[in-house]
Structure formats: structure tokens, C-alpha cells
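Listing of final.csv, CSV, C-alpha atoms
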chain,number,residue,atom,x,y,z
A,1,MET,CA,92.6,-11.8,-152.3
A,2,VAL,CA,92.9,-12.1,-148.6
A,3,PHE,CA,89.2,-11.5,-147.9
A,4,GLU,CA,87.7,-13.7,-150.7
A,5,GLY,CA,86.8,-16.6,-148.3
A,6,ASN,CA,85.6,-14.2,-145.6
A,7,ASN,CA,83.3,-12.5,-148.0
A,8,LYS,CA,81.9,-15.8,-149.3
A,9,VAL,CA,81.1,-16.9,-145.7
A,10,ARG,CA,79.6,-13.5,-144.8
A,11,ARG,CA,77.2,-13.8,-147.9
A,12,LYS,CA,76.1,-17.2,-146.6
A,13,ILE,CA,75.4,-15.8,-143.2
A,14,TYR,CA,73.2,-13.1,-144.7
A,15,GLN,CA,71.4,-15.7,-146.8
A,16,ALA,CA,70.9,-17.8,-143.7
A,17,ILE,CA,69.0,-15.0,-141.9
A,18,GLU,CA,67.1,-13.8,-144.9
A,19,GLY,CA,63.4,-13.6,-144.2
A,20,LEU,CA,63.7,-14.1,-140.5
A,21,THR,CA,61.7,-11.7,-138.3
A,22,ASP,CA,63.3,-9.8,-135.5
A,23,ASP,CA,61.6,-12.1,-133.0
A,24,GLU,CA,63.0,-15.1,-134.8
A,25,LEU,CA,66.5,-13.6,-134.8
A,26,ASN,CA,66.3,-13.0,-131.1
A,27,GLY,CA,64.6,-16.4,-130.2
A,28,LYS,CA,66.6,-18.9,-128.3
A,29,PRO,CA,66.4,-22.6,-129.0
A,30,LYS,CA,64.5,-24.7,-126.4
A,31,SER,CA,67.6,-26.9,-126.0
A,32,GLY,CA,69.6,-23.8,-124.9
A,33,GLY,CA,72.4,-22.0,-126.5
A,34,TRP,CA,72.6,-18.7,-128.3
A,35,SER,CA,70.0,-17.0,-130.4
A,36,PRO,CA,70.8,-16.2,-134.0
A,37,LYS,CA,71.2,-12.6,-132.9
A,38,GLN,CA,73.7,-13.6,-130.3
A,39,ILE,CA,75.7,-15.7,-132.7
A,40,LEU,CA,75.9,-12.8,-135.1
A,41,GLU,CA,76.6,-10.3,-132.4
A,42,HIS,CA,79.5,-12.5,-131.2
A,43,LEU,CA,80.9,-12.6,-134.8
A,44,THR,CA,80.7,-8.8,-134.9
A,45,LEU,CA,82.4,-8.4,-131.5
A,46,MET,CA,85.1,-11.1,-132.3
A,47,GLU,CA,86.0,-9.5,-135.7
A,48,THR,CA,86.3,-6.0,-134.0
A,49,TYR,CA,88.3,-7.5,-131.1
A,50,ILE,CA,90.8,-9.3,-133.4
A,51,ALA,CA,91.2,-6.2,-135.6
A,52,ALA,CA,92.0,-4.1,-132.5
A,53,LYS,CA,94.4,-6.8,-131.2
A,54,ILE,CA,96.2,-6.8,-134.5
A,55,LEU,CA,96.7,-3.0,-134.3
A,56,GLU,CA,98.0,-3.4,-130.7
A,57,GLU,CA,100.4,-6.1,-131.8
A,58,LEU,CA,101.7,-4.0,-134.7
A,59,LYS,CA,102.7,-1.4,-132.1
A,60,ASN,CA,104.3,-4.0,-129.8
A,61,PRO,CA,108.1,-3.9,-130.2
A,62,GLU,CA,108.3,-7.3,-128.5
A,63,SER,CA,105.9,-9.0,-131.0
A,64,GLU,CA,107.8,-12.0,-132.5
A,65,ARG,CA,107.7,-13.5,-135.9
A,66,ALA,CA,105.8,-16.8,-135.9
A,67,SER,CA,105.9,-19.6,-138.4
A,68,LYS,CA,103.0,-19.8,-140.8
A,69,LYS,CA,100.3,-22.2,-139.7
A,70,ILE,CA,98.1,-24.4,-141.9
A,71,LEU,CA,94.5,-23.2,-141.4
A,72,LEU,CA,92.3,-25.8,-143.0
A,73,THR,CA,89.1,-25.8,-141.1
A,74,GLY,CA,87.6,-24.4,-138.0
A,75,SER,CA,86.3,-26.6,-135.2
A,76,ARG,CA,84.1,-25.6,-132.3
A,77,THR,CA,85.0,-28.7,-130.4
A,78,ALA,CA,87.9,-27.1,-128.5
A,79,LYS,CA,86.1,-24.9,-126.0
A,80,VAL,CA,88.0,-21.9,-124.8
A,81,GLU,CA,86.9,-19.0,-122.5
A,82,LEU,CA,85.8,-16.2,-124.7
A,83,PRO,CA,87.4,-12.8,-124.1
A,84,GLU,CA,84.9,-10.7,-122.3
A,85,PRO,CA,84.5,-8.1,-125.1
A,86,THR,CA,83.4,-10.9,-127.5
A,87,LYS,CA,80.5,-12.2,-125.4
A,88,PRO,CA,77.1,-11.5,-126.8
A,89,THR,CA,74.4,-9.7,-124.8
A,90,GLU,CA,70.8,-10.5,-124.1
A,91,GLN,CA,69.7,-7.2,-125.6
A,92,TYR,CA,67.0,-7.4,-128.3
A,93,MET,CA,68.2,-6.2,-131.7
A,94,ASN,CA,66.5,-5.9,-135.0
A,95,ALA,CA,67.8,-7.2,-138.3
A,96,ALA,CA,69.0,-3.8,-139.4
A,97,GLU,CA,71.0,-3.3,-136.3
A,98,ILE,CA,72.6,-6.8,-136.6
A,99,LYS,CA,73.5,-6.3,-140.2
A,100,GLU,CA,74.9,-2.8,-139.4
A,101,GLY,CA,77.1,-4.3,-136.7
A,102,LEU,CA,78.4,-7.0,-139.1
A,103,HIS,CA,79.0,-4.4,-141.8
A,104,ASN,CA,80.9,-2.0,-139.4
A,105,SER,CA,83.1,-4.7,-138.0
A,106,ARG,CA,84.1,-5.8,-141.5
A,107,ILE,CA,84.9,-2.2,-142.6
A,108,TYR,CA,87.0,-1.9,-139.4
A,109,LEU,CA,88.9,-5.1,-140.3
A,110,LEU,CA,89.5,-3.9,-143.9
A,111,ASP,CA,90.7,-0.5,-142.6
A,112,VAL,CA,93.2,-2.3,-140.3
A,113,TYR,CA,94.4,-4.5,-143.2
A,114,GLU,CA,94.8,-1.6,-145.6
A,115,SER,CA,96.6,0.6,-143.0
A,116,CYS,CA,99.4,-2.0,-142.5
A,117,SER,CA,102.3,-3.2,-144.6
A,118,GLU,CA,102.2,-6.8,-145.6
A,119,GLU,CA,105.8,-7.1,-144.3
A,120,ALA,CA,104.7,-5.9,-140.8
A,121,LEU,CA,101.8,-8.3,-140.8
A,122,ARG,CA,104.2,-11.2,-141.7
A,123,ASN,CA,106.9,-10.2,-139.2
A,124,LYS,CA,104.7,-10.0,-136.1
A,125,SER,CA,102.3,-12.5,-134.5
A,126,MET,CA,99.5,-12.9,-132.0
A,127,VAL,CA,98.8,-15.9,-129.9
A,128,HIS,CA,95.7,-18.0,-130.6
A,129,PRO,CA,94.3,-19.8,-127.5
A,130,THR,CA,94.5,-23.3,-129.1
A,131,ILE,CA,97.0,-22.9,-132.0
A,132,GLY,CA,99.6,-20.7,-130.4
A,133,PRO,CA,101.4,-17.8,-132.1
A,134,ILE,CA,100.0,-17.0,-135.6
A,135,PRO,CA,101.5,-14.4,-138.0
A,136,LEU,CA,99.2,-11.4,-138.1
A,137,ILE,CA,98.7,-11.8,-141.8
A,138,GLN,CA,97.0,-15.1,-141.1
A,139,TRP,CA,94.4,-13.7,-138.7
A,140,PHE,CA,92.5,-12.1,-141.6
A,141,PRO,CA,91.5,-15.4,-143.3
A,142,LEU,CA,91.2,-17.1,-139.9
A,143,ILE,CA,88.2,-14.8,-139.2
A,144,GLY,CA,86.5,-16.3,-142.2
A,145,ILE,CA,87.2,-19.8,-141.0
A,146,TYR,CA,85.9,-18.9,-137.6
A,147,GLU,CA,82.7,-17.5,-139.1
A,148,LYS,CA,82.3,-20.6,-141.2
A,149,CYS,CA,82.1,-22.6,-138.0
A,150,HIS,CA,79.5,-20.3,-136.5
A,151,LEU,CA,77.6,-20.4,-139.8
A,152,LYS,CA,77.0,-24.1,-139.1
A,153,GLN,CA,75.9,-23.2,-135.5
A,154,LEU,CA,73.6,-20.5,-136.9
A,155,ARG,CA,71.9,-22.8,-139.4
A,156,LYS,CA,71.5,-25.5,-136.8
A,157,THR,CA,69.9,-22.9,-134.4
A,158,ILE,CA,67.6,-21.6,-137.0
A,159,ASP,CA,66.5,-25.1,-138.0
A,160,GLU,CA,65.9,-26.0,-134.3
A,161,LEU,CA,63.8,-22.8,-133.8
A,162,LYS,CA,61.8,-23.6,-136.9
A,163,MET,CA,61.3,-27.2,-136.0
A,164,ASN,CA,60.2,-26.5,-132.4
A,165,GLY,CA,58.4,-23.3,-133.1
A,166,ILE,CA,60.1,-20.0,-132.4
A,167,ALA,CA,60.5,-19.4,-128.7
A,168,THR,CA,58.1,-16.9,-127.4
A,169,ILE,CA,59.8,-13.7,-126.6
A,170,THR,CA,58.6,-11.2,-124.0
A,171,ALA,CA,60.0,-7.8,-123.2
A,172,GLY,CA,61.3,-9.2,-119.9
A,173,ASP,CA,63.6,-11.7,-121.7
A,174,PHE,CA,66.0,-9.0,-122.8
A,175,ASP,CA,68.0,-6.3,-121.1
A,176,SER,CA,66.9,-2.8,-121.8

Encoded form (C-alpha cells):
Amino acid sequence: MVFEGNNKVRRKIYQAIEGLTDDELNGKPKSGGWSPKQILEHLTLMETYIAAKILEELKNPESERASKKILLTGSRTAKVELPEPTKPTEQYMNAAEIKEGLHNSRIYLLDVYESCSEEALRNKSMVHPTIGPIPLIQWFPLIGIYEKCHLKQLRKTIDELKMNGIATITAGDFDS
């Protein structure tokens, strides 16, 4: 199944945040970087963004067929500028809101997949910023690989927050 790997990673993400308070989810590590909430919000936004871009590309008569790429592992070493719609906010969110966002983005992605023919997904492509053109069919498992990279970041962030004591959060730290 196309989503087997994605679902496995998503379960691990939910396990990683199990038992965290809302303040812990929104706390930022002292060394800088995103809070657990921001990492998860980014994953939600990225999944939604990619699903929407797949739909756009399916309607694009100029979309070309690309050769299949070998997608072994994700790496966060190649830094690229994030598309604006995928950047997380500073807004405080509770665990239920975060999980709802993750759930909704996954449902949207599944809807996109189920609404398309596999032939169309194989015959059109979308450009990845570091890999180049990738057949649309490969974007679905690529999301799982991407989430796996961010799962490592999430675990590291949670560990740092626990080791250093969760950052104190005040109402002024977040946008209303």
C-alpha cells in the first residue's frame, strides 16, 4: 500500500507527543529552533501544500513525465527555503488542535490520491527543490520520508526540552 510507510511514521509521531502538556508542545528549546507544535504544524501545512500542488499539476497540460527516483531516506542537511504556506506560526495550539490538523491533512492527501488515476499520477511530475522532477505517484511516499526526518527533529526537540526544563511560556510569547 502506498501509505503504509506514511501511516507507520505518523503513529510514531503521535507516540512521541503522547503525554506532553499543551505548554510542553508549544515550548521552544533554549538552543533555538521550532517547538514541537511548530514541527507538527509544518508537517500539516506541508502535507496539505503537496496535496494541493499534486492536484494543480494533474490539471497542468504541460506537466511532463519524469523518470522514477530512488527515495531511500530523507535528509534535513540540504536546506531549502520553505514555501510560505508551509511555515509554522507562533500561535499557541493545544494537543487536540494539533492532532486535528494532522488528521485533516492526511484525509486531504488520501482524498487526492483516491480521486486520481494511477496512470495520471505516473505520467505527470512535480519538481522537488533538491531532487528535480518526481513523478506525482512518488510524492505520496515522499511525504512519509519527509515526516520521518522531522520525527527525528521532534524527538530531539522534546528531549532537549525535558533535559533543560520546558521553556516558560507566557501569553506574550504567541500571536493571538

Shell of 10 Å around Gly33 in chain A, only C-alpha atoms, local chain residues under 6 positions omitted, as a short mmCIF file (atom, residue, chain, number, x, y, z; two decimals) with C-alpha atoms, keeping the file's coordinate frame:
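The result, written out as out-v3.cif:
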data_model
loop_
_atom_site.label_atom_id
_atom_site.label_comp_id
_atom_site.auth_asym_id
_atom_site.auth_seq_id
_atom_site.Cartn_x
_atom_site.Cartn_y
_atom_site.Cartn_z
CA ILE A 39 75.70 -15.70 -132.70
CA GLN A 153 75.90 -23.20 -135.50
CA THR A 157 69.90 -22.90 -134.40
#

Show which residues sit within 10 Å of Ile50 in chain A, as number ranges by chain. Count all atoms listed in the file, and ignore same-chain residues fewer than 5 positions away. A: 45, 55-56, 86, 109, 126, 136, 139-140, 143

With all atoms listed in the file as the basis for distance, which of A:Lys37, A:Lys87, A:Lys68, A:Lys156 is at the shortest distance from Leu25 in chain A? A:Lys37

Which protein, DNA or RNA residues are at most 8 Å from (107.5, -14.4, -140.0) in the file's coordinates when you count only C-alpha atoms, listed as a PyMOL selection string? chain A and resi 64-68+122-125+135

Set the distance at 10 Å and use only C-alpha atoms: which residues neighbour Leu110 in chain A once local chain neighbours fewer than 5 positions away are removed? I'd like the list as number ranges by chain. A: 3, 51, 104-105, 115, 140

Within 10 Å of Ala96 in chain A using only C-alpha atoms, minus same-chain residues under 5 positions, as a list in words: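 Once the adjacent positions are removed, what remains is Asp22, Gly101 and Leu102 of chain A.
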
Using all atoms listed in the file: which of A:Pro141, A:Leu20, A:Arg155, A:Gly165 has the shortest distance to Glu4 in chain A: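 Among the listed residues, A:Pro141 lies closest to Glu4 in chain A.
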
With only C-alpha atoms as the basis for distance, which of A:Glu62, A:Glu24, A:Glu160, A:Glu147 is at the shortest distance from Asn6 in chain A?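 Among the listed residues, the smallest separation from Asn6 in chain A belongs to A:Glu147.
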
Between CA of Thr48 in chain A and CA of Ile107 in chain A, what distance in Å does the model show, to one decimal?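 CA of Thr48 in chain A sits 9.5 Å away from CA of Ile107 in chain A.
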
Residue neighbourhood Thr89 in chain A, 12 Å, all atoms listed in the file, exclusion window fewer than 3 positions, as a ChimeraX atom specification: /A:26,34-42,44-45,84-86,92-93,173-176

Name the closest residue to His150 in chain A among the candidates A:Lys162, A:Lys30, A:Met46, A:Thr130; distances are taken between atoms, counting only C-alpha atoms.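 Of A:Lys162, A:Lys30, A:Met46, A:Thr130, the one nearest His150 in chain A is A:Met46, counting only C-alpha atoms.
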
Please compute the CA of Gln138 in chain A-CA of Arg11 in chain A distance, one decimal, in Å. 21.0 Å

A:Val127, A:Leu82, A:Ile54, A:Leu121 ranked by distance to Tyr108 in chain A, top pick (using all atoms listed in the file):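 Residue with the minimum atom-to-atom distance to Tyr108 in chain A: A:Ile54.
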
Report, in Å to a single decimal, how far apart CA of Pro83 in chain A and CA of His128 in chain A are.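 It comes out at 11.8 Å.
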
Missing atoms in range 134-147 of chain A: fill them in up to N, CA and C atoms and send the result as a PDB file, in the frame of the given file.
ATOM      1  N   ILE A 134     100.416 -17.018-134.193  1.00  0.00           N
ATOM      2  CA  ILE A 134     100.000 -17.000-135.600  1.00  0.00           C
ATOM      3  C   ILE A 134     100.496 -15.684-136.199  1.00  0.00           C
ATOM      4  N   PRO A 135     101.147 -15.699-137.368  1.00  0.00           N
ATOM      5  CA  PRO A 135     101.500 -14.400-138.000  1.00  0.00           C
ATOM      6  C   PRO A 135     100.239 -13.572-138.177  1.00  0.00           C
ATOM      7  N   LEU A 136     100.376 -12.272-137.970  1.00  0.00           N
ATOM      8  CA  LEU A 136      99.200 -11.400-138.100  1.00  0.00           C
ATOM      9  C   LEU A 136      98.512 -11.498-139.409  1.00  0.00           C
ATOM     10  N   ILE A 137      99.257 -11.716-140.470  1.00  0.00           N
ATOM     11  CA  ILE A 137      98.700 -11.800-141.800  1.00  0.00           C
ATOM     12  C   ILE A 137      97.656 -12.959-141.889  1.00  0.00           C
ATOM     13  N   GLN A 138      97.859 -13.994-141.086  1.00  0.00           N
ATOM     14  CA  GLN A 138      97.000 -15.100-141.100  1.00  0.00           C
ATOM     15  C   GLN A 138      95.683 -14.946-140.321  1.00  0.00           C
ATOM     16  N   TRP A 139      95.635 -13.924-139.495  1.00  0.00           N
ATOM     17  CA  TRP A 139      94.400 -13.700-138.700  1.00  0.00           C
ATOM     18  C   TRP A 139      93.268 -13.232-139.582  1.00  0.00           C
ATOM     19  N   PHE A 140      93.558 -12.603-140.707  1.00  0.00           N
ATOM     20  CA  PHE A 140      92.500 -12.100-141.600  1.00  0.00           C
ATOM     21  C   PHE A 140      91.689 -13.288-142.172  1.00  0.00           C
ATOM     22  N   PRO A 141      92.332 -14.277-142.806  1.00  0.00           N
ATOM     23  CA  PRO A 141      91.500 -15.400-143.300  1.00  0.00           C
ATOM     24  C   PRO A 141      91.016 -16.301-142.154  1.00  0.00           C
ATOM     25  N   LEU A 142      91.684 -16.280-141.005  1.00  0.00           N
ATOM     26  CA  LEU A 142      91.200 -17.100-139.900  1.00  0.00           C
ATOM     27  C   LEU A 142      89.828 -16.610-139.413  1.00  0.00           C
ATOM     28  N   ILE A 143      89.555 -15.332-139.548  1.00  0.00           N
ATOM     29  CA  ILE A 143      88.200 -14.800-139.200  1.00  0.00           C
ATOM     30  C   ILE A 143      87.163 -15.474-140.062  1.00  0.00           C
ATOM     31  N   GLY A 144      87.434 -15.645-141.347  1.00  0.00           N
ATOM     32  CA  GLY A 144      86.500 -16.300-142.200  1.00  0.00           C
ATOM     33  C   GLY A 144      86.268 -17.773-141.833  1.00  0.00           C
ATOM     34  N   ILE A 145      87.337 -18.447-141.452  1.00  0.00           N
ATOM     35  CA  ILE A 145      87.200 -19.800-141.000  1.00  0.00           C
ATOM     36  C   ILE A 145      86.386 -19.902-139.730  1.00  0.00           C
ATOM     37  N   TYR A 146      86.618 -18.973-138.835  1.00  0.00           N
ATOM     38  CA  TYR A 146      85.900 -18.900-137.600  1.00  0.00           C
ATOM     39  C   TYR A 146      84.381 -18.664-137.868  1.00  0.00           C
ATOM     40  N   GLU A 147      84.106 -17.744-138.781  1.00  0.00           N
ATOM     41  CA  GLU A 147      82.700 -17.500-139.100  1.00  0.00           C
ATOM     42  C   GLU A 147      82.048 -18.663-139.781  1.00  0.00           C
TER      43      GLU A 147
END
